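Asks: First, the structure itself, so that you have it in front of you.
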There are 2 protein chains.
Amino acid sequence: MKKSLPAGTPGDAEPVGTGTLGKAIAVLDIIAASPEPLRFTDVLRLTEQPRGTLHRQISNLLEEGLLAVNRDQTYGLGLRLLQFASKAWDGNQFRMIAEPHIRKLHEATGETVHLGILHGIDVVYLDKIESRQSIRMVSQIGNTAPAWCTGVGKAALSALLDDELRARVATIVFRQYTPNTLGDAQGLLDEIATIRSEGNAYDREEHETGICCVAAPVHSADRKLIAGISVTGPAYRITTDVLQSWAGITRAAASAIMDDMNARMGPRG
Amino acid sequence: MKKSLPAGTPGDAEPVGTGTLGKAIAVLDIIAASPEPLRFTDVLRLTEQPRGTLHRQISNLLEEGLLAVNRDQTYGLGLRLLQFASKAWDGNQFRMIAEPHIRKLHEATGETVHLGILHGIDVVYLDKIESRQSIRMVSQIGNTAPAWCTGVGKAALSALLDDELRARVATIVFRQYTPNTLGDAQGLLDEIATIRSEGNAYDREEHETGICCVAAPVHSADRKLIAGISVTGPAYRITTDVLQSWAGITRAAASAIMDDMNARMGPRG
DNA sequence: GAAGGAAGTTCCATTATATGGAACGCAGTT
DNA sequence: AACTGCGTTCCATATAATGGAACTTCCTTC
């Protein structure tokens with residue numbers, strides 16, 4: 001039993017940012033989360049911190065380029081974040097290992113393929129391959145979606161050990177995105193049982209109407225990294241049968257990724 | 001020993017990260033800058049901080065998801081950075097205003113169009129439109145390049161007021177990327193004078209052999225935002241004549257962006 | 001298989017840093 | 001002119017970061 005640094009496994013909700021850094025990031029979060037630009041006072045209301053404190057925090061964030069001033073009084077996320085993200089993506093070993101496999105999967109199906117990592121109860125999209133590349137790439141990669149109503153997310157959840165799974169599912173606040181969205185924890189757990197036995201997860205227009213997909217779980221040997229891949233298409237064109245016909249190659253691609261991980265990242269990985 | 005400097009006074013170079021946040025970001029920077037994964041001790045050597053201190057800093061960064069552990073002992077940038085970047089891009093007002101214009105420019109020329117912002121003496125690419133979208137998008141957006149040997153960068157520099165320009169140019173460490181790369185400050189200042197009078201900057205294989213472009217400066221009315229746009233193509237196909245034939249529409253697109261900024265961001269912008 | 005060393009982790013008194021209440025400056029409003 | 005809302009600055013105090021040293025593993029060497 002070696003104690004280690006708190007791994008990036010956020011299953012428990014942090015009270016708010018702990019420590020100076022945490023508080024700073026909390027401010028970033030608030031600004032990131034807002035659909036429209038916030039002025040100083042808006043942020044102040046949302047943080048409930050003393051004015052002086054917030055002002056200095058924002059000052060620091062500005063100095064570091066993590067935050068930027070749009071016009072006088074409104075804040076947006078800074079360029080520095082783009083730079084970091086660019087490098088984060090470039091240097092991501094997992095993504096690099098997975099890429100050839102999801103590319104092959106795309107070539108086999110002709111449809112959009114996603115690679116997503118489980119982060120708490122959300123899925124963060126790490127890569128995406130589609131034919132008609134219509135620019136929106138950046139806004140898609142790094143995007144977050146609820147794990148329990150997406151194919152990649154449900155596949156990933158199914159790779160968790162039971163204790164961990166239950167703990168995380170318990171924190172989900174269910175919400176109806178479409179008529180097909182799963183409504184409660186039991187429904188989700190049942191479906192995950194099915195996914196475990198079949199090896200594939202499906203999204204049947206549960207997150208977005210008209211969009212469905214077939215997915216398969218990917219995880220490292222030690223299950224510190226939990227992810228999933230999926231083949232997505234429009235429901236009018238991709239019938240359930242077609243989706244099921246891709247289940248095998250999707251699982252195969254997932255397996256191939258895991259094999260590569262074990263080979264290239266060391267047996268412990 | 002360490003004296004805290006009056007914060008909020010732009011112009012003085014930071015010794016290294018100031019304040020807790022700055023130090024944390026400095027660690028992120030070190031990890032981001034490294035071409036290959038670093039272990040704890042590697043970072044320790046690069047920061048020259050006490051082990052205990054660094055350990056806690058990394059600890060905090062991990063907790064916030066800004067850093068991730070690849071395998072035992074090696075660190076990489078965390079997923080959270082991708083999430084933030086995704087939102088930074090989505091919410092960037094400037095990018096949104098510029099997008100339709102650079103898209104039109106792309107349609108008119110059929111070549112790759114870039115939008116970049118000047119950040120110190122670097123250009124950060126904020127958008128890119130190309131026909132044959134070959135996936136690498138994320139790694140391009142957020143990318144940084146030296147301003148003095150790229151079209152967008154030189155165009156942007158030309159929009160600086162003289163004092164500011166000279167100050168920034170003085171900090172450049174010139175380096176030969178290709179046989180055509182400008183070699184010193186005077187050469188750069190001379191070229192910028194030309195750019196100012198003509199309204200266009202050119203990159204004649206100065207950063208990468210075989211790649212050339214024509215660019216034009218973009219800036220807000222108060223010059224707090226300095227940027228540039230460019231049309232780029234392979235030298236074997238895009239001759240100097242062709243490039244020059246695009247100078248006009250490139251300038252026009254830049255103007256249109258500036259007009260839009262003034263209209264949509266308020267006259268003060 | 002014991003000794004030595006290197007890498008990572010924890011502890012805690014000291015010190016530097018962040019905090020936040022209050023006061024100030026500056027708009028636009030009444 | 002007085003008022004109100006917003007952003008900024010100041011500074012004594014509280015808090016969190018610091019860093020030296022001790023402590024674990026784990027790996028290498030003899």
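Residues in the structure tokens are numbered from 1 in each chain, the chains being A, B, ... in the order shown, and ligands are numbered from 1 in the order shown.
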Residues of chain B within 8 Å of chain D, using only C-alpha atoms (C1' of nucleotides), as a list in words?

Replies: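 Written out as asked, the residues are Thr20, Pro50, Arg51, Gly52 and Thr53 of chain B.
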
Asks: Those residues you just picked out, can you put them in a file as a PDB file, in the first residue's frame with C-alpha atoms?

Replies:
ATOM      1  CA  THR B  20       1.570  31.126  -5.285  1.00  0.00           C
ATOM      2  CA  PRO B  50      13.047  22.241  -2.354  1.00  0.00           C
ATOM      3  CA  ARG B  51      11.624  18.796  -2.774  1.00  0.00           C
ATOM      4  CA  GLY B  52       8.921  19.277  -0.185  1.00  0.00           C
ATOM      5  CA  THR B  53       7.695  22.433  -1.809  1.00  0.00           C
TER       6      THR B  53
END

Asks: As number ranges by chain, please: all residues of segment 98-263 of chain B that backbone DSSP puts in strand (DSSP E).

Replies: B: 112-119, 122-129, 144-146, 201-204, 211-219, 226-234

Asks: Would you write out those residues with N, CA and C atoms, as a CSV table (one decimal), in the first residue's frame?

Replies:
chain,number,residue,atom,x,y,z
B,112,THR,N,-5.2,27.9,-47.1
B,112,THR,CA,-5.3,27.9,-45.6
B,112,THR,C,-5.3,29.3,-45.1
B,113,VAL,N,-6.2,29.7,-44.2
B,113,VAL,CA,-6.2,31.0,-43.6
B,113,VAL,C,-6.0,30.9,-42.1
B,114,HIS,N,-5.2,31.7,-41.6
B,114,HIS,CA,-4.9,31.7,-40.1
B,114,HIS,C,-5.3,33.0,-39.5
B,115,LEU,N,-5.7,32.8,-38.2
B,115,LEU,CA,-6.0,34.0,-37.4
B,115,LEU,C,-5.1,33.8,-36.1
B,116,GLY,N,-4.2,34.8,-35.9
B,116,GLY,CA,-3.3,34.7,-34.7
B,116,GLY,C,-3.3,36.0,-33.9
B,117,ILE,N,-3.1,35.8,-32.6
B,117,ILE,CA,-3.0,37.0,-31.7
B,117,ILE,C,-1.6,37.2,-31.3
B,118,LEU,N,-1.2,38.4,-31.2
B,118,LEU,CA,0.2,38.7,-30.7
B,118,LEU,C,0.2,38.6,-29.2
B,119,HIS,N,1.2,37.9,-28.7
B,119,HIS,CA,1.3,37.7,-27.2
B,119,HIS,C,2.7,37.9,-26.9
B,122,ASP,N,5.4,36.5,-29.4
B,122,ASP,CA,4.9,35.3,-30.0
B,122,ASP,C,3.5,35.4,-30.6
B,123,VAL,N,3.2,34.6,-31.5
B,123,VAL,CA,1.9,34.6,-32.1
B,123,VAL,C,1.2,33.3,-31.6
B,124,VAL,N,0.0,33.5,-31.1
B,124,VAL,CA,-0.8,32.3,-30.7
B,124,VAL,C,-1.9,32.2,-31.7
B,125,TYR,N,-2.0,31.0,-32.4
B,125,TYR,CA,-3.0,30.8,-33.4
B,125,TYR,C,-4.3,30.5,-32.8
B,126,LEU,N,-5.3,31.3,-33.2
B,126,LEU,CA,-6.6,31.3,-32.6
B,126,LEU,C,-7.6,30.5,-33.5
B,127,ASP,N,-7.4,30.6,-34.7
B,127,ASP,CA,-8.2,29.9,-35.7
B,127,ASP,C,-7.5,29.5,-36.9
B,128,LYS,N,-8.1,28.6,-37.6
B,128,LYS,CA,-7.4,28.1,-38.9
B,128,LYS,C,-8.5,27.5,-39.7
B,129,ILE,N,-8.5,27.9,-41.0
B,129,ILE,CA,-9.5,27.3,-41.9
B,129,ILE,C,-8.8,26.7,-43.1
B,144,THR,N,2.0,28.1,-30.7
B,144,THR,CA,2.7,29.4,-30.6
B,144,THR,C,3.9,29.4,-31.6
B,145,ALA,N,4.1,30.5,-32.3
B,145,ALA,CA,5.2,30.7,-33.2
B,145,ALA,C,5.8,32.0,-32.9
B,146,PRO,N,7.1,32.1,-33.2
B,146,PRO,CA,7.8,33.4,-33.1
B,146,PRO,C,7.2,34.4,-34.0
B,201,ALA,N,2.1,42.0,-44.9
B,201,ALA,CA,3.3,41.4,-44.5
B,201,ALA,C,3.4,40.1,-45.3
B,202,TYR,N,4.6,39.7,-45.6
B,202,TYR,CA,4.8,38.4,-46.3
B,202,TYR,C,5.8,37.5,-45.5
B,203,ASP,N,5.5,36.3,-45.6
B,203,ASP,CA,6.4,35.3,-45.1
B,203,ASP,C,6.9,34.5,-46.3
B,204,ARG,N,8.2,34.7,-46.6
B,204,ARG,CA,8.8,34.0,-47.8
B,204,ARG,C,9.7,32.9,-47.3
B,211,ILE,N,6.9,27.0,-47.3
B,211,ILE,CA,5.7,27.6,-46.9
B,211,ILE,C,5.8,29.1,-47.0
B,212,CYS,N,4.9,29.8,-47.7
B,212,CYS,CA,4.9,31.2,-47.7
B,212,CYS,C,3.5,31.7,-47.5
B,213,CYS,N,3.4,33.0,-47.2
B,213,CYS,CA,2.0,33.6,-46.9
B,213,CYS,C,2.0,35.1,-47.1
B,214,VAL,N,0.8,35.6,-47.2
B,214,VAL,CA,0.6,37.0,-47.2
B,214,VAL,C,-0.4,37.3,-46.0
B,215,ALA,N,-0.1,38.4,-45.3
B,215,ALA,CA,-0.8,38.6,-44.1
B,215,ALA,C,-1.2,40.1,-44.0
B,216,ALA,N,-2.1,40.4,-43.1
B,216,ALA,CA,-2.5,41.8,-42.8
B,216,ALA,C,-2.8,41.9,-41.3
B,217,PRO,N,-2.5,43.1,-40.8
B,217,PRO,CA,-2.7,43.3,-39.3
B,217,PRO,C,-4.1,43.6,-39.0
B,218,VAL,N,-4.5,43.2,-37.8
B,218,VAL,CA,-5.8,43.5,-37.2
B,218,VAL,C,-5.6,44.0,-35.8
B,219,HIS,N,-6.3,45.1,-35.4
B,219,HIS,CA,-6.1,45.5,-34.0
B,219,HIS,C,-7.4,46.3,-33.6
B,226,ILE,N,-3.8,43.0,-30.4
B,226,ILE,CA,-3.1,43.1,-31.6
B,226,ILE,C,-3.0,41.7,-32.3
B,227,ALA,N,-3.5,41.6,-33.5
B,227,ALA,CA,-3.6,40.3,-34.2
B,227,ALA,C,-3.2,40.4,-35.6
B,228,GLY,N,-3.4,39.3,-36.3
B,228,GLY,CA,-3.2,39.3,-37.8
B,228,GLY,C,-3.9,38.1,-38.4
B,229,ILE,N,-4.1,38.3,-39.7
B,229,ILE,CA,-4.6,37.1,-40.5
B,229,ILE,C,-3.7,36.9,-41.7
B,230,SER,N,-3.7,35.6,-42.1
B,230,SER,CA,-2.9,35.3,-43.3
B,230,SER,C,-3.5,34.3,-44.2
B,231,VAL,N,-3.0,34.3,-45.4
B,231,VAL,CA,-3.4,33.2,-46.4
B,231,VAL,C,-2.0,32.5,-46.6
B,232,THR,N,-2.0,31.2,-46.4
B,232,THR,CA,-0.8,30.4,-46.5
B,232,THR,C,-0.9,29.4,-47.6
B,233,GLY,N,0.2,29.1,-48.2
B,233,GLY,CA,0.3,28.1,-49.2
B,233,GLY,C,1.7,27.6,-49.4
B,234,PRO,N,1.8,26.4,-50.1
B,234,PRO,CA,3.1,25.9,-50.4
B,234,PRO,C,3.8,26.7,-51.5

Asks: Using only C-alpha atoms (C1' of nucleotides), which protein or nucleic acid residues come within 12 Å of Gln93 of chain B? Drop anything in the same chain fewer than 4 positions from it, and give the result as a PyMOL selection string.

Replies: (chain A and resi 36-37+68-71+74-78) or (chain B and resi 87-89+97-99+126+225+257+260-261+264-265+269)

Asks: Would you mind listing, as a list in words, all residues of chain C that have at least one atom within 9 Å of chain B, where only C-alpha atoms (C1' of nucleotides) are what counts?

Replies: DA7, DG8, DT9, DT10 and DT17 of chain C

Asks: Store the residues of this selection in a file with N, CA and C atoms (P, O5', C5', C4', C3', O3' and C1' of nucleotides), as a compact mmCIF listing (two decimals), in the first residue's frame.

Replies:
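again.txt, written as the output of this step:
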# COMPACT_ATOMS: atom_id res chain seq x y z
P DA C 7 17.41 9.79 -8.48
O5' DA C 7 15.90 9.49 -8.13
C5' DA C 7 15.29 8.28 -8.60
C4' DA C 7 13.96 8.12 -7.91
C3' DA C 7 13.12 9.40 -7.91
O3' DA C 7 11.79 9.11 -8.32
C1' DA C 7 13.39 8.60 -5.71
P DG C 8 10.79 10.31 -8.47
O5' DG C 8 9.92 10.16 -7.15
C5' DG C 8 9.24 8.94 -6.92
C4' DG C 8 8.72 8.92 -5.50
C3' DG C 8 7.70 10.01 -5.16
O3' DG C 8 6.52 9.39 -4.69
C1' DG C 8 9.36 9.84 -3.48
P DT C 9 5.24 10.32 -4.37
O5' DT C 9 5.32 10.52 -2.80
C5' DT C 9 5.30 9.37 -1.95
C4' DT C 9 5.45 9.80 -0.51
C3' DT C 9 4.48 10.89 -0.05
O3' DT C 9 3.61 10.33 0.92
C1' DT C 9 6.70 11.26 0.76
P DT C 10 2.47 11.24 1.56
O5' DT C 10 3.16 11.74 2.91
C5' DT C 10 3.52 10.77 3.91
C4' DT C 10 4.21 11.48 5.05
C3' DT C 10 3.39 12.58 5.75
O3' DT C 10 3.33 12.25 7.13
C1' DT C 10 5.58 13.34 5.26
P DT C 17 6.39 35.69 -0.70
O5' DT C 17 4.83 35.38 -0.69
C5' DT C 17 4.38 34.07 -0.35
C4' DT C 17 2.88 34.07 -0.16
C3' DT C 17 2.15 35.11 -1.01
O3' DT C 17 1.14 34.42 -1.73
C1' DT C 17 1.49 35.25 1.29

Asks: What is the atom CA of Ile172 of chain A to atom CA of Ser220 of chain A distance in Å?

Replies: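 The value is 24.1 Å.
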
Asks: I'd like the neighbourhood of segment 80-85 of chain A as a PyMOL selection string, where a residue qualifies if any of its atoms comes within 10 Å (using only C-alpha atoms (C1' of nucleotides)), though same-chain residues fewer than 5 positions away should be ignored.

Replies: (chain A and resi 64-68+90-91+138+142) or (chain B and resi 28-29+31-33+66+77-89+119+124-126+138-144)

Asks: The selected residues should be written to file as an mmCIF file, in the first residue's frame (atoms: N, CA and C atoms).

Replies:
data_model
loop_
_atom_site.group_PDB
_atom_site.id
_atom_site.type_symbol
_atom_site.label_atom_id
_atom_site.label_comp_id
_atom_site.auth_asym_id
_atom_site.auth_seq_id
_atom_site.Cartn_x
_atom_site.Cartn_y
_atom_site.Cartn_z
ATOM 1 N N GLU A 64 -1.107 35.942 -15.305
ATOM 2 C CA GLU A 64 -0.632 34.658 -15.819
ATOM 3 C C GLU A 64 -1.197 34.342 -17.201
ATOM 4 N N GLY A 65 -2.093 35.190 -17.666
ATOM 5 C CA GLY A 65 -2.656 34.951 -18.989
ATOM 6 C C GLY A 65 -3.740 33.885 -18.999
ATOM 7 N N LEU A 66 -4.159 33.482 -17.820
ATOM 8 C CA LEU A 66 -5.218 32.481 -17.739
ATOM 9 C C LEU A 66 -6.587 33.118 -17.949
ATOM 10 N N LEU A 67 -6.617 34.398 -17.702
ATOM 11 C CA LEU A 67 -7.849 35.159 -17.856
ATOM 12 C C LEU A 67 -7.538 36.340 -18.765
ATOM 13 N N ALA A 68 -8.532 36.797 -19.470
ATOM 14 C CA ALA A 68 -8.334 37.955 -20.326
ATOM 15 C C ALA A 68 -9.515 38.900 -20.189
ATOM 16 N N ASP A 90 -1.072 17.329 -27.673
ATOM 17 C CA ASP A 90 0.090 16.800 -28.387
ATOM 18 C C ASP A 90 0.796 15.721 -27.588
ATOM 19 N N GLY A 91 0.931 15.990 -26.299
ATOM 20 C CA GLY A 91 1.765 15.126 -25.491
ATOM 21 C C GLY A 91 1.027 13.986 -24.832
ATOM 22 N N VAL A 138 -12.034 22.124 -32.346
ATOM 23 C CA VAL A 138 -11.561 22.528 -31.032
ATOM 24 C C VAL A 138 -12.684 22.553 -30.013
ATOM 25 N N GLY A 142 -12.123 18.337 -25.834
ATOM 26 C CA GLY A 142 -12.081 19.044 -24.562
ATOM 27 C C GLY A 142 -13.489 19.244 -24.030
ATOM 28 N N LEU B 28 3.723 24.095 -14.270
ATOM 29 C CA LEU B 28 2.974 23.637 -15.445
ATOM 30 C C LEU B 28 3.766 23.913 -16.709
ATOM 31 N N ASP B 29 4.342 25.088 -16.749
ATOM 32 C CA ASP B 29 5.113 25.509 -17.913
ATOM 33 C C ASP B 29 6.264 24.569 -18.177
ATOM 34 N N ILE B 31 6.563 21.510 -17.352
ATOM 35 C CA ILE B 31 6.087 20.232 -17.845
ATOM 36 C C ILE B 31 5.565 20.353 -19.266
ATOM 37 N N ALA B 32 4.940 21.498 -19.555
ATOM 38 C CA ALA B 32 4.416 21.705 -20.902
ATOM 39 C C ALA B 32 5.554 21.846 -21.905
ATOM 40 N N ALA B 33 6.621 22.482 -21.464
ATOM 41 C CA ALA B 33 7.713 22.795 -22.390
ATOM 42 C C ALA B 33 8.545 21.570 -22.733
ATOM 43 N N LEU B 66 -5.081 19.864 -13.394
ATOM 44 C CA LEU B 66 -4.270 20.585 -14.369
ATOM 45 C C LEU B 66 -3.072 19.749 -14.789
ATOM 46 N N LEU B 77 0.232 17.165 -18.882
ATOM 47 C CA LEU B 77 -0.789 18.166 -18.622
ATOM 48 C C LEU B 77 -2.151 17.488 -18.505
ATOM 49 N N GLY B 78 -2.968 18.028 -17.664
ATOM 50 C CA GLY B 78 -4.236 17.385 -17.345
ATOM 51 C C GLY B 78 -5.381 17.705 -18.287
ATOM 52 N N LEU B 79 -6.399 16.886 -18.183
ATOM 53 C CA LEU B 79 -7.569 17.044 -19.031
ATOM 54 C C LEU B 79 -8.279 18.363 -18.801
ATOM 55 N N ARG B 80 -8.198 18.829 -17.577
ATOM 56 C CA ARG B 80 -8.913 20.054 -17.245
ATOM 57 C C ARG B 80 -8.502 21.189 -18.174
ATOM 58 N N LEU B 81 -7.259 21.160 -18.593
ATOM 59 C CA LEU B 81 -6.784 22.197 -19.491
ATOM 60 C C LEU B 81 -7.513 22.129 -20.831
ATOM 61 N N LEU B 82 -7.810 20.915 -21.267
ATOM 62 C CA LEU B 82 -8.558 20.783 -22.515
ATOM 63 C C LEU B 82 -9.956 21.356 -22.353
ATOM 64 N N GLN B 83 -10.556 21.074 -21.214
ATOM 65 C CA GLN B 83 -11.903 21.591 -20.984
ATOM 66 C C GLN B 83 -11.917 23.114 -21.005
ATOM 67 N N PHE B 84 -10.976 23.671 -20.282
ATOM 68 C CA PHE B 84 -10.906 25.129 -20.242
ATOM 69 C C PHE B 84 -10.672 25.696 -21.639
ATOM 70 N N ALA B 85 -9.758 25.081 -22.355
ATOM 71 C CA ALA B 85 -9.423 25.599 -23.678
ATOM 72 C C ALA B 85 -10.628 25.552 -24.600
ATOM 73 N N SER B 86 -11.348 24.459 -24.482
ATOM 74 C CA SER B 86 -12.531 24.319 -25.312
ATOM 75 C C SER B 86 -13.475 25.491 -25.087
ATOM 76 N N LYS B 87 -13.633 25.839 -23.821
ATOM 77 C CA LYS B 87 -14.527 26.952 -23.504
ATOM 78 C C LYS B 87 -13.912 28.298 -23.850
ATOM 79 N N ALA B 88 -12.610 28.389 -23.685
ATOM 80 C CA ALA B 88 -11.925 29.635 -24.022
ATOM 81 C C ALA B 88 -12.135 29.938 -25.500
ATOM 82 N N TRP B 89 -12.100 28.884 -26.290
ATOM 83 C CA TRP B 89 -12.226 29.068 -27.730
ATOM 84 C C TRP B 89 -13.660 29.416 -28.090
ATOM 85 N N HIS B 119 1.170 37.901 -28.655
ATOM 86 C CA HIS B 119 1.261 37.706 -27.215
ATOM 87 C C HIS B 119 2.731 37.867 -26.868
ATOM 88 N N VAL B 124 -0.018 33.492 -31.080
ATOM 89 C CA VAL B 124 -0.816 32.333 -30.690
ATOM 90 C C VAL B 124 -1.923 32.174 -31.729
ATOM 91 N N TYR B 125 -1.967 31.005 -32.362
ATOM 92 C CA TYR B 125 -2.980 30.798 -33.388
ATOM 93 C C TYR B 125 -4.333 30.522 -32.753
ATOM 94 N N LEU B 126 -5.290 31.302 -33.180
ATOM 95 C CA LEU B 126 -6.606 31.250 -32.555
ATOM 96 C C LEU B 126 -7.607 30.541 -33.458
ATOM 97 N N VAL B 138 -6.479 20.620 -33.333
ATOM 98 C CA VAL B 138 -6.229 21.034 -31.963
ATOM 99 C C VAL B 138 -4.768 21.393 -31.746
ATOM 100 N N SER B 139 -3.920 20.590 -32.356
ATOM 101 C CA SER B 139 -2.502 20.823 -32.131
ATOM 102 C C SER B 139 -2.063 22.109 -32.826
ATOM 103 N N GLN B 140 -2.876 22.592 -33.714
ATOM 104 C CA GLN B 140 -2.511 23.822 -34.399
ATOM 105 C C GLN B 140 -3.055 25.028 -33.653
ATOM 106 N N ILE B 141 -4.301 24.928 -33.278
ATOM 107 C CA ILE B 141 -4.871 26.046 -32.554
ATOM 108 C C ILE B 141 -4.310 26.059 -31.145
ATOM 109 N N GLY B 142 -3.898 27.211 -30.717
ATOM 110 C CA GLY B 142 -3.241 27.306 -29.423
ATOM 111 C C GLY B 142 -1.735 27.205 -29.587
ATOM 112 N N ASN B 143 -1.323 26.808 -30.756
ATOM 113 C CA ASN B 143 0.107 26.739 -31.048
ATOM 114 C C ASN B 143 0.753 28.119 -31.005
ATOM 115 N N THR B 144 2.005 28.125 -30.693
ATOM 116 C CA THR B 144 2.722 29.384 -30.614
ATOM 117 C C THR B 144 3.861 29.379 -31.616
#

Asks: From the options A:Ala193, A:Leu62, A:Leu44, A:Ala247, which residue's atoms come nearest to chain B, counting only C-alpha atoms?

Replies: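 For chain B, the nearest of the given residues is A:Leu62.
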
Asks: Excluding Leu165 of chain B and residues on its chain fewer than 4 positions from it, collect all residues at most 12 Å away from it, counting only C-alpha atoms (C1' of nucleotides), and give them as a list in words.

Replies: Leu118, Gly120, Ile121, Ala147, Trp148, Lys154, Ala155, Ala156, Leu157, Ser158, Ala159, Leu160, Leu161, Val169, Ala170, Thr171, Ile172, Ala185, Leu188, Leu189, Ile192, Ala193 and Ile226 of chain B

Asks: Just the selected residues (N, CA and C atoms), exported as a PDB file, in the first residue's frame, please.

Replies:
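The resulting file, result.pdb, is shown below:
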ATOM      1  N   LEU B 118      -1.163  38.401 -31.181  1.00  0.00           N
ATOM      2  CA  LEU B 118       0.183  38.682 -30.685  1.00  0.00           C
ATOM      3  C   LEU B 118       0.180  38.623 -29.165  1.00  0.00           C
ATOM      4  N   GLY B 120       3.104  39.059 -26.452  1.00  0.00           N
ATOM      5  CA  GLY B 120       4.530  39.313 -26.237  1.00  0.00           C
ATOM      6  C   GLY B 120       5.226  39.348 -27.588  1.00  0.00           C
ATOM      7  N   ILE B 121       6.159  38.448 -27.812  1.00  0.00           N
ATOM      8  CA  ILE B 121       6.783  38.388 -29.138  1.00  0.00           C
ATOM      9  C   ILE B 121       6.429  37.081 -29.827  1.00  0.00           C
ATOM     10  N   ALA B 147       6.891  35.634 -33.514  1.00  0.00           N
ATOM     11  CA  ALA B 147       6.204  36.638 -34.324  1.00  0.00           C
ATOM     12  C   ALA B 147       7.061  37.131 -35.484  1.00  0.00           C
ATOM     13  N   TRP B 148       8.370  37.202 -35.292  1.00  0.00           N
ATOM     14  CA  TRP B 148       9.233  37.886 -36.244  1.00  0.00           C
ATOM     15  C   TRP B 148       9.556  37.087 -37.499  1.00  0.00           C
ATOM     16  N   LYS B 154       4.499  39.226 -38.135  1.00  0.00           N
ATOM     17  CA  LYS B 154       5.069  40.488 -38.597  1.00  0.00           C
ATOM     18  C   LYS B 154       3.966  41.517 -38.837  1.00  0.00           C
ATOM     19  N   ALA B 155       2.849  41.043 -39.378  1.00  0.00           N
ATOM     20  CA  ALA B 155       1.730  41.955 -39.575  1.00  0.00           C
ATOM     21  C   ALA B 155       1.299  42.535 -38.226  1.00  0.00           C
ATOM     22  N   ALA B 156       1.176  41.655 -37.256  1.00  0.00           N
ATOM     23  CA  ALA B 156       0.741  42.102 -35.933  1.00  0.00           C
ATOM     24  C   ALA B 156       1.741  43.095 -35.347  1.00  0.00           C
ATOM     25  N   LEU B 157       2.996  42.773 -35.436  1.00  0.00           N
ATOM     26  CA  LEU B 157       4.022  43.671 -34.907  1.00  0.00           C
ATOM     27  C   LEU B 157       3.894  45.061 -35.529  1.00  0.00           C
ATOM     28  N   SER B 158       3.573  45.088 -36.803  1.00  0.00           N
ATOM     29  CA  SER B 158       3.494  46.379 -37.490  1.00  0.00           C
ATOM     30  C   SER B 158       2.367  47.243 -36.938  1.00  0.00           C
ATOM     31  N   ALA B 159       1.450  46.629 -36.228  1.00  0.00           N
ATOM     32  CA  ALA B 159       0.326  47.396 -35.672  1.00  0.00           C
ATOM     33  C   ALA B 159       0.660  47.995 -34.310  1.00  0.00           C
ATOM     34  N   LEU B 160       1.831  47.622 -33.777  1.00  0.00           N
ATOM     35  CA  LEU B 160       2.234  48.193 -32.490  1.00  0.00           C
ATOM     36  C   LEU B 160       2.707  49.628 -32.672  1.00  0.00           C
ATOM     37  N   LEU B 161       2.542  50.430 -31.647  1.00  0.00           N
ATOM     38  CA  LEU B 161       3.115  51.761 -31.683  1.00  0.00           C
ATOM     39  C   LEU B 161       4.629  51.624 -31.516  1.00  0.00           C
ATOM     40  N   VAL B 169      10.784  44.164 -29.663  1.00  0.00           N
ATOM     41  CA  VAL B 169      11.801  43.636 -30.586  1.00  0.00           C
ATOM     42  C   VAL B 169      13.132  43.458 -29.857  1.00  0.00           C
ATOM     43  N   ALA B 170      13.380  44.356 -28.913  1.00  0.00           N
ATOM     44  CA  ALA B 170      14.644  44.288 -28.173  1.00  0.00           C
ATOM     45  C   ALA B 170      14.787  42.975 -27.398  1.00  0.00           C
ATOM     46  N   THR B 171      13.671  42.360 -27.097  1.00  0.00           N
ATOM     47  CA  THR B 171      13.743  41.128 -26.292  1.00  0.00           C
ATOM     48  C   THR B 171      13.872  39.862 -27.145  1.00  0.00           C
ATOM     49  N   ILE B 172      13.774  40.036 -28.454  1.00  0.00           N
ATOM     50  CA  ILE B 172      13.828  38.865 -29.335  1.00  0.00           C
ATOM     51  C   ILE B 172      15.235  38.271 -29.394  1.00  0.00           C
ATOM     52  N   ALA B 185      17.462  42.563 -35.454  1.00  0.00           N
ATOM     53  CA  ALA B 185      16.419  43.527 -35.122  1.00  0.00           C
ATOM     54  C   ALA B 185      16.262  44.586 -36.216  1.00  0.00           C
ATOM     55  N   LEU B 188      14.363  43.395 -39.138  1.00  0.00           N
ATOM     56  CA  LEU B 188      12.952  43.264 -38.800  1.00  0.00           C
ATOM     57  C   LEU B 188      12.265  44.627 -38.791  1.00  0.00           C
ATOM     58  N   LEU B 189      12.902  45.596 -38.152  1.00  0.00           N
ATOM     59  CA  LEU B 189      12.307  46.937 -38.086  1.00  0.00           C
ATOM     60  C   LEU B 189      12.153  47.530 -39.485  1.00  0.00           C
ATOM     61  N   ILE B 192       9.257  45.926 -41.078  1.00  0.00           N
ATOM     62  CA  ILE B 192       7.997  46.392 -40.505  1.00  0.00           C
ATOM     63  C   ILE B 192       7.616  47.766 -41.065  1.00  0.00           C
ATOM     64  N   ALA B 193       8.635  48.591 -41.324  1.00  0.00           N
ATOM     65  CA  ALA B 193       8.363  49.888 -41.952  1.00  0.00           C
ATOM     66  C   ALA B 193       7.682  49.670 -43.303  1.00  0.00           C
ATOM     67  N   ILE B 226      -3.847  42.995 -30.419  1.00  0.00           N
ATOM     68  CA  ILE B 226      -3.063  43.069 -31.646  1.00  0.00           C
ATOM     69  C   ILE B 226      -3.047  41.683 -32.270  1.00  0.00           C
TER      70      ILE B 226
END
